[in-house]
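Notes follow the structure.
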Amino acid sequence: MSKFYNGIMGLVVGDALGVPVEFRKRDTYEVKDMIGFGTYNQKPGTWSDDSSLTLATVESMGRIGKVEPMDIMKNFLDWLEDDWFTPCGEVFDVGGTTRRAIIRFSKGTDPLDCGSKSRMDNGNGALMRILPVAMLPDNSDKQTQILNVAHLTHAHFISDFACIIYTAIVENLMKGNLNDVAVLTGIQHYKEQLDNVSMLSEFKRLEQIEWLERNFVKSSGYVVDTLEAALWCFLNTKTYRDCVLTAVNLGEDTDTVAAVAGGLAGIYYGVGGETGIPESWIKQIARKDWIRKICDAVQFWDDSSR
Ligand SMILES: [Mg+2]
């Protein structure tokens, strides 16, 4: 199995684990296994918008062999209007910023101008679906590709920077770095901006994220909180299973924190064995064979990263 598939399945499984308890308050419940129902009354293994938009991106990349924002956005529109890329034929959750961007596209706006640039629109809706592009090998176009795909729905500097830092960490993991090295060097790569750009001061806490006490880790839908929470879970656990369950049990935006953390943990721990994504969880994932197929179709990076 490729690291690309491991990352995508890691994201999808994390999302599905979090769906039944989305919006629940921390420590009012404990998830220990794949469960169903709850917040959206869905079967176990049902994934949400995080995975739908990620998989819509993967499908486009595999079908046309490149990152093409217009084609990805058409898939997003098919998702919102016609329930494509859904687990069971129904969109049951969509973020406000994302919905407004896709509606702008349906009315003729250029896809790269659809994402909001407002300070208020810094939810995690771009971060949660950037993984497939982040896993591509580094090249001179990479940062432009990341920002173009992010800007389909979210175009504020803070959301952009969260996607850029996440991408640096993903690249380090794809190269086989240890988890703490991957995270810390990924953050330190941008140290100069973090130190000097006042709008990025909120990201400064990332440099010490591993040592933060759980009480101080927020798990809201604000993109900086989501990134912090996901990295905290990834650095403070030693298996895929513990990483995503820790994320789900932080409460609030459970599915997205677990999806963002699960993408990293999927790349790092792989599938099966003592530490990888449990096969018993993958078995329960809706449309798992289709997910495998569209991941296998994405083959345009060098084989050393697979
Ligand atoms: Mg969701």
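Chain lettering (A, B, ...) mirrors the order of the structure tokens, residue numbering begins at 1 for each chain separately, and ligand numbering begins at 1 in order of display.
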Can you list, as a VMD selection string, every residue of segment 87-291 of chain A that DSSP puts in helix (DSSP H, G or I)? chain A and resid 96 to 106 111 to 113 127 to 129 131 to 134 142 to 150 157 to 174 179 to 188 191 to 196 198 to 211 214 to 216 223 to 235 240 to 248 254 to 269 279 to 284 288 to 291
Could you produce a table of the residues of chain A lying within 6 Å of ligand 1, with the nearest pair of atoms per residue and their separation in Å rounded to one decimal, using only C-alpha atoms and all ligand atoms, ordered by chain and increasing residue number, as CSV?
residue,atom,partner,partner_atom_place_in_ligand_line,distance
A:Ser48,CA,ligand 1,1 (Mg),4.5
A:Asp49,CA,ligand 1,1 (Mg),4.7
A:Asp50,CA,ligand 1,1 (Mg),4.9
A:Asp255,CA,ligand 1,1 (Mg),5.4
A:Thr256,CA,ligand 1,1 (Mg),5.7
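For the set A:Gly251, A:Gly123, A:Pro111, A:Gly186, the residue with the smallest atom-to-atom gap to Phe76 of chain A is A:Pro111, counting only C-alpha atoms.
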Counting only C-alpha atoms, the residue among A:Ser140, A:Thr46, A:Ser118, A:Ser220 that lies closest to Thr153 of chain A is A:Ser118
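In this structure, atom CA of Lys66 of chain A sits 28.0 Å away from atom CA of Asp93 of chain A.
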If we count only C-alpha atoms and set the cut-off at 8 Å, which residues sit around Leu11 of chain A, ignoring sequence neighbours fewer than 6 positions away in its own chain? Please answer as a PyMOL selection string. chain A and resi 51+258-264+266
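One distance worth recording is that between atom CA of Leu17 of chain A and atom CA of Ile277 of chain A, which is 12.1 Å.
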Using 8 Å as the limit and counting only C-alpha atoms, can you tabulate each residue of segment 230-250 of chain A that touches segment 193-213 of chain A, with its shortest atom-to-atom distance in Å and the two atoms involved, as a tab-separated table?
residue	atom	partner	partner_atom	distance
A:Leu231	CA	A:Ile209	CA	7.2
A:Trp232	CA	A:Glu210	CA	5.4
A:Leu235	CA	A:Glu210	CA	5.9
A:Asn236	CA	A:Glu210	CA	6.6
Just list the residues in segment 86-226 of chain A DSSP gives strand (DSSP E or B) on the backbone, as a count of residues only. 4
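Distance-wise, atom CA of Glu90 of chain A and atom CA of Met120 of chain A end up 28.0 Å apart.
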Show which residues sit within 9 Å of Ile164 of chain A, as number ranges by chain. Count only C-alpha atoms, and ignore same-chain residues fewer than 2 positions away. A: 134, 143, 146-147, 159-162, 166-169
Could the residues in this selection be written to a file with C-alpha atoms, as a short mmCIF file (atom, residue, chain, number, x, y, z; two decimals), in the first residue's frame?
data_model
loop_
_atom_site.label_atom_id
_atom_site.label_comp_id
_atom_site.auth_asym_id
_atom_site.auth_seq_id
_atom_site.Cartn_x
_atom_site.Cartn_y
_atom_site.Cartn_z
CA ALA A 134 0.26 18.13 0.39
CA GLN A 143 3.11 26.12 -2.94
CA ILE A 146 -1.56 24.21 -2.28
CA LEU A 147 -2.82 27.81 -2.21
CA SER A 159 -6.00 29.57 6.69
CA ASP A 160 -3.29 29.68 4.02
CA PHE A 161 -0.53 29.52 6.60
CA ALA A 162 -2.14 26.59 8.42
CA TYR A 166 0.63 21.21 7.52
CA THR A 167 2.06 20.62 4.04
CA ALA A 168 5.65 21.02 5.28
CA ILE A 169 4.97 18.43 8.01
#
Tell me which of A:Gly38, A:Gly125, A:Pro69, A:Gly108 sits closest to Val94 of chain A, counting only C-alpha atoms. A:Gly125
Near Met9 of chain A, within 12 Å and counting only C-alpha atoms, which residues show up once chain neighbours fewer than 4 positions away are dropped, as an NGL selection string? :A and (1-5 or 13-16 or 45 or 47 or 51 or 54-55 or 58 or 131-132 or 240 or 258-267 or 269-272 or 276-279 or 281-295)
Emit the selected residues as a short mmCIF file (atom, residue, chain, number, x, y, z; two decimals), in the first residue's frame, including N, CA and C atoms.
data_model
loop_
_atom_site.label_atom_id
_atom_site.label_comp_id
_atom_site.auth_asym_id
_atom_site.auth_seq_id
_atom_site.Cartn_x
_atom_site.Cartn_y
_atom_site.Cartn_z
N MET A 1 0.83 -1.20 0.00
CA MET A 1 0.00 0.00 0.00
C MET A 1 0.87 1.25 0.00
N SER A 2 0.45 2.25 -0.72
CA SER A 2 1.25 3.47 -0.82
C SER A 2 1.03 4.37 0.39
N LYS A 3 2.01 5.21 0.65
CA LYS A 3 1.85 6.21 1.71
C LYS A 3 0.68 7.13 1.39
N PHE A 4 0.46 7.35 0.10
CA PHE A 4 -0.66 8.21 -0.31
C PHE A 4 -1.98 7.61 0.17
N TYR A 5 -2.19 6.33 -0.13
CA TYR A 5 -3.41 5.65 0.35
C TYR A 5 -3.47 5.65 1.88
N VAL A 13 -10.76 7.45 8.17
CA VAL A 13 -11.09 6.69 9.38
C VAL A 13 -11.22 7.64 10.58
N GLY A 14 -10.30 8.61 10.68
CA GLY A 14 -10.38 9.59 11.77
C GLY A 14 -11.69 10.37 11.70
N ASP A 15 -12.03 10.81 10.51
CA ASP A 15 -13.30 11.53 10.29
C ASP A 15 -14.48 10.67 10.76
N ALA A 16 -14.52 9.42 10.30
CA ALA A 16 -15.65 8.54 10.64
C ALA A 16 -15.76 8.29 12.14
N GLY A 45 -18.68 3.89 10.47
CA GLY A 45 -17.90 3.92 9.23
C GLY A 45 -18.34 4.98 8.24
N TRP A 47 -18.34 8.57 6.83
CA TRP A 47 -17.47 9.75 6.88
C TRP A 47 -18.25 10.98 6.44
N SER A 51 -13.95 14.18 4.46
CA SER A 51 -13.52 13.12 3.55
C SER A 51 -14.10 13.32 2.15
N THR A 54 -12.01 15.83 0.37
CA THR A 54 -10.67 15.26 0.15
C THR A 54 -10.73 14.25 -1.00
N LEU A 55 -11.74 13.37 -0.96
CA LEU A 55 -11.85 12.32 -1.99
C LEU A 55 -12.23 12.91 -3.35
N VAL A 58 -8.94 13.92 -4.64
CA VAL A 58 -8.17 12.73 -5.07
C VAL A 58 -8.70 12.23 -6.42
N LEU A 131 -4.76 17.50 2.24
CA LEU A 131 -3.79 16.39 2.32
C LEU A 131 -3.37 15.80 0.97
N PRO A 132 -4.30 15.50 0.04
CA PRO A 132 -3.83 14.86 -1.21
C PRO A 132 -2.82 15.72 -1.98
N TYR A 240 -1.53 4.80 15.62
CA TYR A 240 -2.60 5.48 14.88
C TYR A 240 -3.87 5.53 15.72
N ALA A 258 -9.76 14.88 14.16
CA ALA A 258 -9.30 13.50 13.95
C ALA A 258 -8.92 13.25 12.49
N ALA A 259 -9.56 13.93 11.55
CA ALA A 259 -9.20 13.77 10.14
C ALA A 259 -7.82 14.38 9.87
N VAL A 260 -7.58 15.57 10.41
CA VAL A 260 -6.30 16.26 10.18
C VAL A 260 -5.16 15.48 10.87
N ALA A 261 -5.42 15.02 12.10
CA ALA A 261 -4.43 14.20 12.81
C ALA A 261 -4.28 12.84 12.14
N GLY A 262 -5.41 12.26 11.73
CA GLY A 262 -5.41 10.91 11.15
C GLY A 262 -4.66 10.85 9.82
N GLY A 263 -4.67 11.93 9.07
CA GLY A 263 -3.89 11.96 7.82
C GLY A 263 -2.40 11.80 8.12
N LEU A 264 -1.93 12.54 9.12
CA LEU A 264 -0.51 12.45 9.50
C LEU A 264 -0.20 11.04 10.04
N ALA A 265 -1.05 10.57 10.94
CA ALA A 265 -0.81 9.26 11.57
C ALA A 265 -0.91 8.13 10.56
N GLY A 266 -1.77 8.27 9.57
CA GLY A 266 -1.89 7.25 8.52
C GLY A 266 -0.60 7.13 7.72
N ILE A 267 -0.04 8.28 7.33
CA ILE A 267 1.24 8.26 6.60
C ILE A 267 2.32 7.61 7.48
N TYR A 269 2.18 5.69 10.45
CA TYR A 269 2.08 4.33 11.00
C TYR A 269 1.61 3.30 9.97
N GLY A 270 1.08 3.75 8.84
CA GLY A 270 0.61 2.81 7.82
C GLY A 270 -0.65 2.07 8.25
N VAL A 271 -0.88 0.92 7.59
CA VAL A 271 -2.10 0.14 7.84
C VAL A 271 -1.73 -1.16 8.54
N GLY A 272 -2.51 -1.52 9.55
CA GLY A 272 -2.38 -2.83 10.20
C GLY A 272 -1.20 -2.92 11.15
N GLY A 276 -0.45 0.52 13.20
CA GLY A 276 -1.09 1.12 12.03
C GLY A 276 -2.60 1.26 12.15
N ILE A 277 -3.23 1.77 11.09
CA ILE A 277 -4.70 1.91 11.07
C ILE A 277 -5.31 0.52 11.23
N PRO A 278 -6.13 0.28 12.26
CA PRO A 278 -6.70 -1.06 12.45
C PRO A 278 -7.52 -1.51 11.24
N GLU A 279 -7.22 -2.72 10.76
CA GLU A 279 -7.95 -3.26 9.59
C GLU A 279 -9.44 -3.39 9.92
N TRP A 281 -11.22 -1.39 11.52
CA TRP A 281 -11.88 -0.10 11.29
C TRP A 281 -12.05 0.15 9.79
N ILE A 282 -11.01 -0.16 9.02
CA ILE A 282 -11.11 0.06 7.56
C ILE A 282 -12.27 -0.76 6.99
N LYS A 283 -12.43 -1.98 7.50
CA LYS A 283 -13.52 -2.85 7.03
C LYS A 283 -14.88 -2.19 7.13
N GLN A 284 -15.04 -1.33 8.14
CA GLN A 284 -16.35 -0.70 8.37
C GLN A 284 -16.56 0.58 7.56
N ILE A 285 -15.51 1.04 6.89
CA ILE A 285 -15.57 2.33 6.18
C ILE A 285 -16.42 2.23 4.92
N ALA A 286 -17.38 3.13 4.80
CA ALA A 286 -18.24 3.16 3.61
C ALA A 286 -17.40 3.37 2.35
N ARG A 287 -17.68 2.63 1.30
CA ARG A 287 -17.03 2.76 -0.02
C ARG A 287 -15.50 2.60 0.04
N LYS A 288 -15.03 1.72 0.93
CA LYS A 288 -13.57 1.57 1.09
C LYS A 288 -12.87 1.10 -0.17
N ASP A 289 -13.54 0.24 -0.98
CA ASP A 289 -12.89 -0.25 -2.20
C ASP A 289 -12.76 0.86 -3.23
N TRP A 290 -13.77 1.70 -3.31
CA TRP A 290 -13.71 2.85 -4.22
C TRP A 290 -12.60 3.81 -3.78
N ILE A 291 -12.47 4.02 -2.48
CA ILE A 291 -11.41 4.91 -1.97
C ILE A 291 -10.03 4.37 -2.39
N ARG A 292 -9.86 3.06 -2.26
CA ARG A 292 -8.60 2.42 -2.67
C ARG A 292 -8.34 2.67 -4.16
N LYS A 293 -9.40 2.49 -4.95
CA LYS A 293 -9.26 2.62 -6.40
C LYS A 293 -8.86 4.05 -6.80
N ILE A 294 -9.50 5.05 -6.24
CA ILE A 294 -9.16 6.43 -6.66
C ILE A 294 -7.78 6.85 -6.12
N CYS A 295 -7.37 6.27 -4.99
CA CYS A 295 -6.01 6.56 -4.51
C CYS A 295 -4.97 5.93 -5.44
#
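Of the residues listed (A:Tyr40, A:Phe85, A:Tyr222, A:Tyr190), A:Tyr222 shows the shortest atom-to-atom separation from Thr97 of chain A; distances use only C-alpha atoms.
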